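Single-structure report; data block below.
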Number of protein chains: 2
Amino acid sequence: MDTNDSLLLLARHGVKPTANRILVLKALDEARRPLSMTELEDEIETIDKSGIFRTLKAFVDAHLVHVIEDGGDSVRYELCHSHHDEVDDDQHAHFYCQSCHKTFCLDDTALPRPQVPRGFTATSVNYLIKGVCPDCTGHDASRRGS
Amino acid sequence: MDTNDSLLLLARHGVKPTANRILVLKALDEARRPLSMTELEDEIETIDKSGIFRTLKAFVDAHLVHVIEDGGDSVRYELCHSHHDEVDDDQHAHFYCQSCHKTFCLDDTALPRPQVPRGFTATSVNYLIKGVCPDCTGHDASRRGS
DNA sequence: ATTTGGGTTGCAACTCAGTTGCAAAATGCT
DNA sequence: AGCATTTTGCAACTGAGTTGCAACCCAAAT
């Protein structure tokens with residue numbers, strides 16, 4: 001995503017494009033996996049954590065990023081790939097690697113339709129699988145770029 | 001669960017029965033839903049939070065309680081109803097009410113078997129449905145014991 | 001019954017992510 | 001340029017979770 005794409009995306013969601021916001025947006029895009037606030041802080045050393053905090057909040061409000069909860073640590077933020085600008089419709093499963101503590105998007109794993117008992121109303125689903133990712137599993141078992 | 005049951009359960013899991021532990025165990029049992037550390041603190045005012053913390057840790061180590069992550073707030077602890085004393089095998093879905101912020105166990109909602117891409121190894125699943133519970137939905141719509 | 005030792009407890013202090021107030025800087029509008 | 005609004009960095013605060021430590025409790029040994 002180049003700067004122009006960023007500007008466009010921000011505009012489409014009604015977020016004023018500032019230097020900080022473009023940086024955060026690019027970081028999220030380039031990571032290609034959900035990042036925690038702390039990970040973003042490490043990634044973008046030039047922005048104070050309060051700035052990252054407020055930027056993420058603005059993004060979430062504008063439906064530009066999703067909040068996902070992987071296990072334990074903290075929540076993570078990922079670029080919303082929804083086609084609608086107002087609704088988050090690309091819910092998908094996530095995989096949390098207990099070894100390297102990264103969180104992956106499993107776009108191919110269909111999200112089971114929530115089945116709740118009578119009386120309950122479901123509005124969203126969180127489907128998180130924990131385990132070990134290929135990189136951490138396979139250092140010698142399966143030969144894939146280390 | 002009376003005191004005797006508590007003593008037995010603790011013994012079965014190799015946890016020394018102390019006054020605090022029996023209190024925490026009973027609180028968890030009586031709540032019949034997963035409680036957070038803070039909720040337990042409120043519930044059992046006679047125990048310092050460090051005591052509750054350490055008690056919960058002991059319980060988790062002994063596979064006496066599960067740790068579950070509902071949205072946002074904090075992790076919750078629920079009595080493990082596994083039939084084995086060493087393995088946690090009663091994973092089930094949970095429902096988080098966004099109105100009253102309680103978490104319910106959906107014992108009847110079958111947990112979908114995790115399907116992960118090649119290379120990933122799944123060890124556990126977290127299936128959390130968010131929405132509104134009957135008590136918060138139905139105050140006038142559906143007549144069920146208020 | 002007293003001593004001894006290991007586990008348990010309460011307190012206070014600490015950590016650390018997340019959050020907020022505020023004044024300075026940047027931005028946009030006229 | 002002048003003014004209003006927004007954004008930013010800093011520093012301080014918050015609150016859950018965690019830990020060190022000394023006091024305590026209970027069981028086994030004397």
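In the structure tokens, the first chain shown is A, the next is B, and so on; residue numbers restart at 1 for each chain, and ligands run from 1 in the order shown.
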Subject >> 12 Å contacts from chain A to chain C using only C-alpha atoms (C1' of nucleotides), as an MDAnalysis selection string >> reply: chainID A and resid 16:19 36:39 41 49:54 57 73:75
Residue subset to file, keeping N, CA and C atoms, as a PDB file, in the first residue's frame:
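again-v3.pdb was written with the following content:
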ATOM      1  N   LYS A  16      -9.400  11.832   8.946  1.00  0.00           N
ATOM      2  CA  LYS A  16      -8.456  12.809   8.403  1.00  0.00           C
ATOM      3  C   LYS A  16      -7.064  12.222   8.334  1.00  0.00           C
ATOM      4  N   PRO A  17      -6.434  12.373   7.214  1.00  0.00           N
ATOM      5  CA  PRO A  17      -5.116  11.788   7.034  1.00  0.00           C
ATOM      6  C   PRO A  17      -4.032  12.642   7.686  1.00  0.00           C
ATOM      7  N   THR A  18      -3.444  12.121   8.713  1.00  0.00           N
ATOM      8  CA  THR A  18      -2.311  12.796   9.339  1.00  0.00           C
ATOM      9  C   THR A  18      -1.101  11.889   9.213  1.00  0.00           C
ATOM     10  N   ALA A  19       0.046  12.463   9.465  1.00  0.00           N
ATOM     11  CA  ALA A  19       1.280  11.678   9.320  1.00  0.00           C
ATOM     12  C   ALA A  19       1.206  10.423  10.172  1.00  0.00           C
ATOM     13  N   SER A  36      -0.746  -5.981  18.124  1.00  0.00           N
ATOM     14  CA  SER A  36      -1.173  -5.381  19.381  1.00  0.00           C
ATOM     15  C   SER A  36      -0.637  -3.956  19.460  1.00  0.00           C
ATOM     16  N   MET A  37      -1.190  -3.211  20.397  1.00  0.00           N
ATOM     17  CA  MET A  37      -0.728  -1.839  20.572  1.00  0.00           C
ATOM     18  C   MET A  37       0.769  -1.826  20.837  1.00  0.00           C
ATOM     19  N   THR A  38       1.203  -2.735  21.666  1.00  0.00           N
ATOM     20  CA  THR A  38       2.627  -2.793  21.993  1.00  0.00           C
ATOM     21  C   THR A  38       3.467  -3.108  20.768  1.00  0.00           C
ATOM     22  N   GLU A  39       2.980  -4.033  19.953  1.00  0.00           N
ATOM     23  CA  GLU A  39       3.734  -4.365  18.749  1.00  0.00           C
ATOM     24  C   GLU A  39       3.837  -3.141  17.846  1.00  0.00           C
ATOM     25  N   GLU A  41       3.781  -0.075  18.851  1.00  0.00           N
ATOM     26  CA  GLU A  41       4.734   0.850  19.480  1.00  0.00           C
ATOM     27  C   GLU A  41       6.166   0.512  19.087  1.00  0.00           C
ATOM     28  N   LYS A  49       3.034   6.293  22.585  1.00  0.00           N
ATOM     29  CA  LYS A  49       1.995   5.275  22.692  1.00  0.00           C
ATOM     30  C   LYS A  49       0.614   5.890  22.808  1.00  0.00           C
ATOM     31  N   SER A  50       0.537   7.072  23.373  1.00  0.00           N
ATOM     32  CA  SER A  50      -0.785   7.697  23.434  1.00  0.00           C
ATOM     33  C   SER A  50      -1.281   8.020  22.034  1.00  0.00           C
ATOM     34  N   GLY A  51      -0.347   8.388  21.178  1.00  0.00           N
ATOM     35  CA  GLY A  51      -0.725   8.659  19.795  1.00  0.00           C
ATOM     36  C   GLY A  51      -1.212   7.412  19.094  1.00  0.00           C
ATOM     37  N   ILE A  52      -0.516   6.328  19.310  1.00  0.00           N
ATOM     38  CA  ILE A  52      -0.945   5.070  18.699  1.00  0.00           C
ATOM     39  C   ILE A  52      -2.304   4.671  19.250  1.00  0.00           C
ATOM     40  N   PHE A  53      -2.443   4.839  20.539  1.00  0.00           N
ATOM     41  CA  PHE A  53      -3.713   4.520  21.184  1.00  0.00           C
ATOM     42  C   PHE A  53      -4.861   5.289  20.537  1.00  0.00           C
ATOM     43  N   ARG A  54      -4.667   6.576  20.417  1.00  0.00           N
ATOM     44  CA  ARG A  54      -5.764   7.392  19.876  1.00  0.00           C
ATOM     45  C   ARG A  54      -5.986   7.130  18.392  1.00  0.00           C
ATOM     46  N   LYS A  57      -7.959   4.027  18.151  1.00  0.00           N
ATOM     47  CA  LYS A  57      -9.334   4.275  18.531  1.00  0.00           C
ATOM     48  C   LYS A  57     -10.092   4.924  17.370  1.00  0.00           C
ATOM     49  N   ASP A  73      -2.570 -12.258  26.206  1.00  0.00           N
ATOM     50  CA  ASP A  73      -1.812 -11.024  26.144  1.00  0.00           C
ATOM     51  C   ASP A  73      -2.716  -9.806  26.119  1.00  0.00           C
ATOM     52  N   SER A  74      -2.968  -9.341  24.931  1.00  0.00           N
ATOM     53  CA  SER A  74      -3.780  -8.137  24.807  1.00  0.00           C
ATOM     54  C   SER A  74      -4.530  -8.222  23.491  1.00  0.00           C
ATOM     55  N   VAL A  75      -5.401  -7.283  23.277  1.00  0.00           N
ATOM     56  CA  VAL A  75      -6.145  -7.310  22.034  1.00  0.00           C
ATOM     57  C   VAL A  75      -5.248  -6.889  20.879  1.00  0.00           C
TER      58      VAL A  75
END
**OP:** May I have all residues of chain A that DSSP, computed from the backbone, assigns to alpha helix (DSSP H), given as number ranges by chain?
**Re:** A: 3-12, 19-31, 37-43, 49-61, 134-137
How about saving the chosen residues, N, CA and C atoms kept, as a CSV table (one decimal), in the first residue's frame?
chain,number,residue,atom,x,y,z
A,3,THR,N,1.4,5.5,-0.3
A,3,THR,CA,0.9,6.6,0.5
A,3,THR,C,-0.5,7.0,-0.1
A,4,ASN,N,-0.6,7.0,-1.4
A,4,ASN,CA,-1.8,7.4,-2.0
A,4,ASN,C,-3.0,6.5,-1.7
A,5,ASP,N,-2.7,5.2,-1.7
A,5,ASP,CA,-3.7,4.2,-1.3
A,5,ASP,C,-4.2,4.5,0.2
A,6,SER,N,-3.2,4.8,1.0
A,6,SER,CA,-3.5,5.1,2.4
A,6,SER,C,-4.4,6.3,2.5
A,7,LEU,N,-4.1,7.3,1.8
A,7,LEU,CA,-4.9,8.6,1.8
A,7,LEU,C,-6.3,8.2,1.4
A,8,LEU,N,-6.4,7.4,0.3
A,8,LEU,CA,-7.8,7.1,-0.2
A,8,LEU,C,-8.6,6.3,0.8
A,9,LEU,N,-7.9,5.3,1.4
A,9,LEU,CA,-8.6,4.5,2.4
A,9,LEU,C,-9.1,5.3,3.6
A,10,LEU,N,-8.2,6.2,4.1
A,10,LEU,CA,-8.6,7.0,5.2
A,10,LEU,C,-9.8,7.9,4.8
A,11,ALA,N,-9.7,8.5,3.6
A,11,ALA,CA,-10.8,9.4,3.2
A,11,ALA,C,-12.1,8.6,3.1
A,12,ARG,N,-12.0,7.4,2.5
A,12,ARG,CA,-13.2,6.6,2.4
A,12,ARG,C,-13.9,6.3,3.7
A,19,ALA,N,0.0,12.5,9.5
A,19,ALA,CA,1.3,11.7,9.3
A,19,ALA,C,1.2,10.4,10.2
A,20,ASN,N,0.8,10.6,11.4
A,20,ASN,CA,0.7,9.4,12.3
A,20,ASN,C,-0.2,8.4,11.8
A,21,ARG,N,-1.3,8.8,11.3
A,21,ARG,CA,-2.3,7.8,10.9
A,21,ARG,C,-1.8,7.0,9.7
A,22,ILE,N,-1.2,7.7,8.8
A,22,ILE,CA,-0.6,7.0,7.6
A,22,ILE,C,0.4,6.0,8.1
A,23,LEU,N,1.2,6.4,9.0
A,23,LEU,CA,2.2,5.4,9.5
A,23,LEU,C,1.6,4.2,10.1
A,24,VAL,N,0.6,4.4,11.0
A,24,VAL,CA,0.0,3.3,11.6
A,24,VAL,C,-0.7,2.4,10.6
A,25,LEU,N,-1.4,3.0,9.7
A,25,LEU,CA,-2.1,2.3,8.6
A,25,LEU,C,-1.1,1.4,7.8
A,26,LYS,N,0.0,2.0,7.5
A,26,LYS,CA,0.9,1.2,6.7
A,26,LYS,C,1.5,0.1,7.5
A,27,ALA,N,1.8,0.4,8.7
A,27,ALA,CA,2.3,-0.7,9.6
A,27,ALA,C,1.4,-1.9,9.7
A,28,LEU,N,0.1,-1.5,9.9
A,28,LEU,CA,-0.9,-2.6,10.0
A,28,LEU,C,-1.0,-3.4,8.7
A,29,ASP,N,-0.9,-2.7,7.6
A,29,ASP,CA,-1.0,-3.3,6.3
A,29,ASP,C,0.2,-4.2,6.0
A,30,GLU,N,1.3,-3.7,6.3
A,30,GLU,CA,2.5,-4.5,6.0
A,30,GLU,C,2.7,-5.7,6.9
A,31,ALA,N,2.2,-5.6,8.1
A,31,ALA,CA,2.4,-6.7,9.0
A,31,ALA,C,1.6,-7.9,8.5
A,37,MET,N,-1.2,-3.2,20.4
A,37,MET,CA,-0.7,-1.8,20.6
A,37,MET,C,0.8,-1.8,20.8
A,38,THR,N,1.2,-2.7,21.7
A,38,THR,CA,2.6,-2.8,22.0
A,38,THR,C,3.5,-3.1,20.8
A,39,GLU,N,3.0,-4.0,20.0
A,39,GLU,CA,3.7,-4.4,18.7
A,39,GLU,C,3.8,-3.1,17.8
A,40,LEU,N,2.8,-2.4,17.8
A,40,LEU,CA,2.8,-1.2,17.0
A,40,LEU,C,3.8,-0.2,17.6
A,41,GLU,N,3.8,-0.1,18.9
A,41,GLU,CA,4.7,0.8,19.5
A,41,GLU,C,6.2,0.5,19.1
A,42,ASP,N,6.5,-0.8,19.1
A,42,ASP,CA,7.8,-1.2,18.7
A,42,ASP,C,8.1,-0.9,17.3
A,43,GLU,N,7.0,-1.1,16.5
A,43,GLU,CA,7.2,-1.0,15.0
A,43,GLU,C,7.4,0.5,14.6
A,49,LYS,N,3.0,6.3,22.6
A,49,LYS,CA,2.0,5.3,22.7
A,49,LYS,C,0.6,5.9,22.8
A,50,SER,N,0.5,7.1,23.4
A,50,SER,CA,-0.8,7.7,23.4
A,50,SER,C,-1.3,8.0,22.0
A,51,GLY,N,-0.3,8.4,21.2
A,51,GLY,CA,-0.7,8.7,19.8
A,51,GLY,C,-1.2,7.4,19.1
A,52,ILE,N,-0.5,6.3,19.3
A,52,ILE,CA,-0.9,5.1,18.7
A,52,ILE,C,-2.3,4.7,19.2
A,53,PHE,N,-2.4,4.8,20.5
A,53,PHE,CA,-3.7,4.5,21.2
A,53,PHE,C,-4.9,5.3,20.5
A,54,ARG,N,-4.7,6.6,20.4
A,54,ARG,CA,-5.8,7.4,19.9
A,54,ARG,C,-6.0,7.1,18.4
A,55,THR,N,-4.9,6.8,17.7
A,55,THR,CA,-5.1,6.5,16.3
A,55,THR,C,-5.9,5.2,16.1
A,56,LEU,N,-5.5,4.2,16.9
A,56,LEU,CA,-6.3,3.0,16.8
A,56,LEU,C,-7.7,3.2,17.2
A,57,LYS,N,-8.0,4.0,18.2
A,57,LYS,CA,-9.3,4.3,18.5
A,57,LYS,C,-10.1,4.9,17.4
A,58,ALA,N,-9.5,5.9,16.8
A,58,ALA,CA,-10.1,6.5,15.6
A,58,ALA,C,-10.4,5.5,14.5
A,59,PHE,N,-9.4,4.6,14.3
A,59,PHE,CA,-9.6,3.6,13.2
A,59,PHE,C,-10.8,2.7,13.6
A,60,VAL,N,-10.8,2.3,14.8
A,60,VAL,CA,-11.9,1.4,15.2
A,60,VAL,C,-13.2,2.0,15.0
A,61,ASP,N,-13.3,3.3,15.5
A,61,ASP,CA,-14.6,4.0,15.4
A,61,ASP,C,-15.0,4.1,13.9
A,134,PRO,N,3.2,-23.0,11.5
A,134,PRO,CA,4.1,-23.8,10.7
A,134,PRO,C,5.6,-23.4,11.0
A,135,ASP,N,5.9,-22.1,11.1
A,135,ASP,CA,7.2,-21.7,11.3
A,135,ASP,C,7.8,-22.3,12.6
A,136,CYS,N,7.0,-22.4,13.6
A,136,CYS,CA,7.5,-22.9,14.9
A,136,CYS,C,7.4,-24.4,15.0
A,137,THR,N,6.5,-25.0,14.2
A,137,THR,CA,6.5,-26.5,14.2
A,137,THR,C,7.6,-27.0,13.4
Can you write out as a tab-separated table which residues of chain D fall within 12 Å of chain B, alongside each residue's closest atom pair and its distance in Å to one decimal, counting only C-alpha atoms (C1' of nucleotides) and ordering rows by chain and ascending residue number?
residue	atom	partner	partner_atom	distance
D:DG15	C1'	B:Thr38	CA	10.7
D:DA16	C1'	B:Thr38	CA	8.3
D:DG17	C1'	B:Phe53	CA	8.3
D:DT18	C1'	B:Ser50	CA	8.1
D:DT19	C1'	B:Ser50	CA	9.3
D:DC25	C1'	B:Thr18	CA	10.0
D:DC26	C1'	B:Thr18	CA	10.2
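Rounded to one decimal, atom CA of B:Gln115 and atom CA of A:His92 lie 12.3 Å from each other.
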Sort by chain and increasing residue number a table of all residues of chain A within 10 Å of chain B, each with its closest pair of atoms and their distance in Å to one decimal, counting only C-alpha atoms, and write it as CSV.
residue,atom,partner,partner_atom,distance
A:Val67,CA,B:Gly72,CA,9.6
A:Ile68,CA,B:Gly71,CA,8.9
A:Glu69,CA,B:Gly71,CA,6.9
A:Asp70,CA,B:Glu69,CA,8.7
A:Gly71,CA,B:Glu69,CA,6.9
A:Gly72,CA,B:Glu69,CA,7.3
A:Ser74,CA,B:Gly72,CA,8.6
A:Val75,CA,B:Gly72,CA,7.5
A:Ala93,CA,B:Val116,CA,9.5
A:His94,CA,B:Val116,CA,9.6
A:Phe95,CA,B:Val116,CA,8.2
A:Tyr96,CA,B:Ala122,CA,9.2
A:Cys97,CA,B:Phe120,CA,8.8
A:Gln98,CA,B:Thr123,CA,9.4
A:Leu106,CA,B:Val116,CA,7.5
A:Asp107,CA,B:Pro117,CA,9.9
A:Asp108,CA,B:Pro117,CA,8.0
A:Thr109,CA,B:Gln115,CA,6.4
A:Ala110,CA,B:Gln115,CA,8.6
A:Leu111,CA,B:Pro112,CA,9.3
A:Pro112,CA,B:Pro112,CA,7.0
A:Arg113,CA,B:Pro112,CA,9.8
A:Pro114,CA,B:Ile129,CA,6.8
A:Gln115,CA,B:Thr109,CA,6.4
A:Val116,CA,B:Thr109,CA,6.8
A:Pro117,CA,B:Leu106,CA,7.8
A:Arg118,CA,B:Pro134,CA,8.0
A:Gly119,CA,B:Pro134,CA,4.6
A:Phe120,CA,B:Cys133,CA,4.7
A:Thr121,CA,B:Val132,CA,5.1
A:Ala122,CA,B:Gly131,CA,4.3
A:Thr123,CA,B:Gly131,CA,4.7
A:Ser124,CA,B:Lys130,CA,5.2
A:Val125,CA,B:Ile129,CA,4.5
A:Asn126,CA,B:Leu128,CA,5.0
A:Tyr127,CA,B:Tyr127,CA,4.8
A:Leu128,CA,B:Asn126,CA,5.0
A:Ile129,CA,B:Val125,CA,4.5
A:Lys130,CA,B:Ser124,CA,5.2
A:Gly131,CA,B:Ala122,CA,4.3
A:Val132,CA,B:Thr121,CA,5.2
A:Cys133,CA,B:Phe120,CA,4.7
A:Pro134,CA,B:Gly119,CA,4.6
A:Asp135,CA,B:Gly119,CA,8.2
A:Cys136,CA,B:Phe120,CA,9.1
A:Thr137,CA,B:Gly119,CA,7.4
A:Gly138,CA,B:Gly119,CA,7.4
A:Ala141,CA,B:Gly119,CA,9.8
A:Ser142,CA,B:Gly119,CA,7.9
A:Arg144,CA,B:Gly119,CA,9.7
Can those selected residues be exported to a file as a short mmCIF file (atom, residue, chain, number, x, y, z; two decimals), in the first residue's frame so that it contains C-alpha atoms?
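Saved result, selection29.cif, follows:
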data_model
loop_
_atom_site.label_atom_id
_atom_site.label_comp_id
_atom_site.auth_asym_id
_atom_site.auth_seq_id
_atom_site.Cartn_x
_atom_site.Cartn_y
_atom_site.Cartn_z
CA VAL A 67 -10.35 -5.56 17.27
CA ILE A 68 -9.63 -9.20 17.87
CA GLU A 69 -8.86 -10.98 21.06
CA ASP A 70 -6.23 -13.58 20.89
CA GLY A 71 -5.39 -15.40 24.05
CA GLY A 72 -4.16 -13.77 27.17
CA SER A 74 -3.78 -8.14 24.81
CA VAL A 75 -6.14 -7.31 22.03
CA ALA A 93 -11.12 -17.29 12.50
CA HIS A 94 -7.74 -16.52 13.98
CA PHE A 95 -4.88 -18.69 14.98
CA TYR A 96 -2.69 -17.85 17.91
CA CYS A 97 0.73 -19.45 17.99
CA GLN A 98 1.62 -20.34 21.53
CA LEU A 106 -7.39 -17.97 8.83
CA ASP A 107 -9.37 -16.53 6.00
CA ASP A 108 -10.18 -19.97 4.68
CA THR A 109 -11.53 -21.42 7.88
CA ALA A 110 -15.23 -20.85 7.70
CA LEU A 111 -16.66 -19.29 10.78
CA PRO A 112 -19.24 -21.62 12.26
CA ARG A 113 -22.61 -20.02 12.47
CA PRO A 114 -23.32 -19.22 16.10
CA GLN A 115 -25.97 -21.44 17.61
CA VAL A 116 -27.31 -20.09 20.83
CA PRO A 117 -30.08 -21.31 23.09
CA ARG A 118 -33.48 -19.73 22.90
CA GLY A 119 -33.52 -16.28 24.37
CA PHE A 120 -29.94 -15.41 23.54
CA THR A 121 -29.20 -13.02 20.74
CA ALA A 122 -25.86 -13.38 19.05
CA THR A 123 -24.24 -10.36 17.49
CA SER A 124 -20.67 -11.44 16.92
CA VAL A 125 -18.45 -14.43 17.15
CA ASN A 126 -14.91 -14.90 18.21
CA TYR A 127 -13.32 -18.06 16.98
CA LEU A 128 -9.77 -18.47 18.09
CA ILE A 129 -7.67 -21.54 17.60
CA LYS A 130 -4.49 -21.89 19.60
CA GLY A 131 -1.60 -24.05 18.77
CA VAL A 132 1.69 -23.92 16.94
CA CYS A 133 2.23 -22.25 13.61
CA PRO A 134 4.15 -23.78 10.71
CA ASP A 135 7.23 -21.70 11.35
CA CYS A 136 7.46 -22.89 14.91
CA THR A 137 6.47 -26.47 14.18
CA GLY A 138 8.34 -27.28 11.14
CA ALA A 141 9.84 -31.57 9.82
CA SER A 142 8.40 -29.63 6.92
CA ARG A 144 9.43 -24.31 4.17
#
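For B:Glu78, the set of protein, DNA and RNA residues having any atom at most 7 Å away, when counting only C-alpha atoms (C1' of nucleotides) and skipping those fewer than 6 positions along the same chain, is Leu28, Arg33, Pro34, Leu35, Val65, His66 and Val67 of chain B.
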Selection to disk with C-alpha atoms, as a tab-separated table (two decimals), in the first residue's frame:
chain	number	residue	atom	x	y	z
B	28	LEU	CA	-17.05	-20.57	41.71
B	33	ARG	CA	-20.76	-19.24	35.45
B	34	PRO	CA	-17.16	-18.18	34.91
B	35	LEU	CA	-15.99	-15.45	37.25
B	65	VAL	CA	-10.63	-24.64	36.95
B	66	HIS	CA	-10.45	-23.53	33.36
B	67	VAL	CA	-9.29	-20.18	32.17
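From atom CA of B:Met1 back to atom C1' of D:DA27, the distance works out to 26.7 Å.
One distance worth recording is that between atom CA of B:Cys80 and atom CA of A:Lys102, which is 27.8 Å.
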**OP:** Can you check which residues of chain B DSSP gives as strand (DSSP E or B) on the backbone and send them as a count of residues only?
**Re:** 33
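You can rank B:Arg32, B:Thr103, B:Ile47, B:His13 by their closest distance to B:Arg76 using only C-alpha atoms, and at the top of that list sits B:Thr103.
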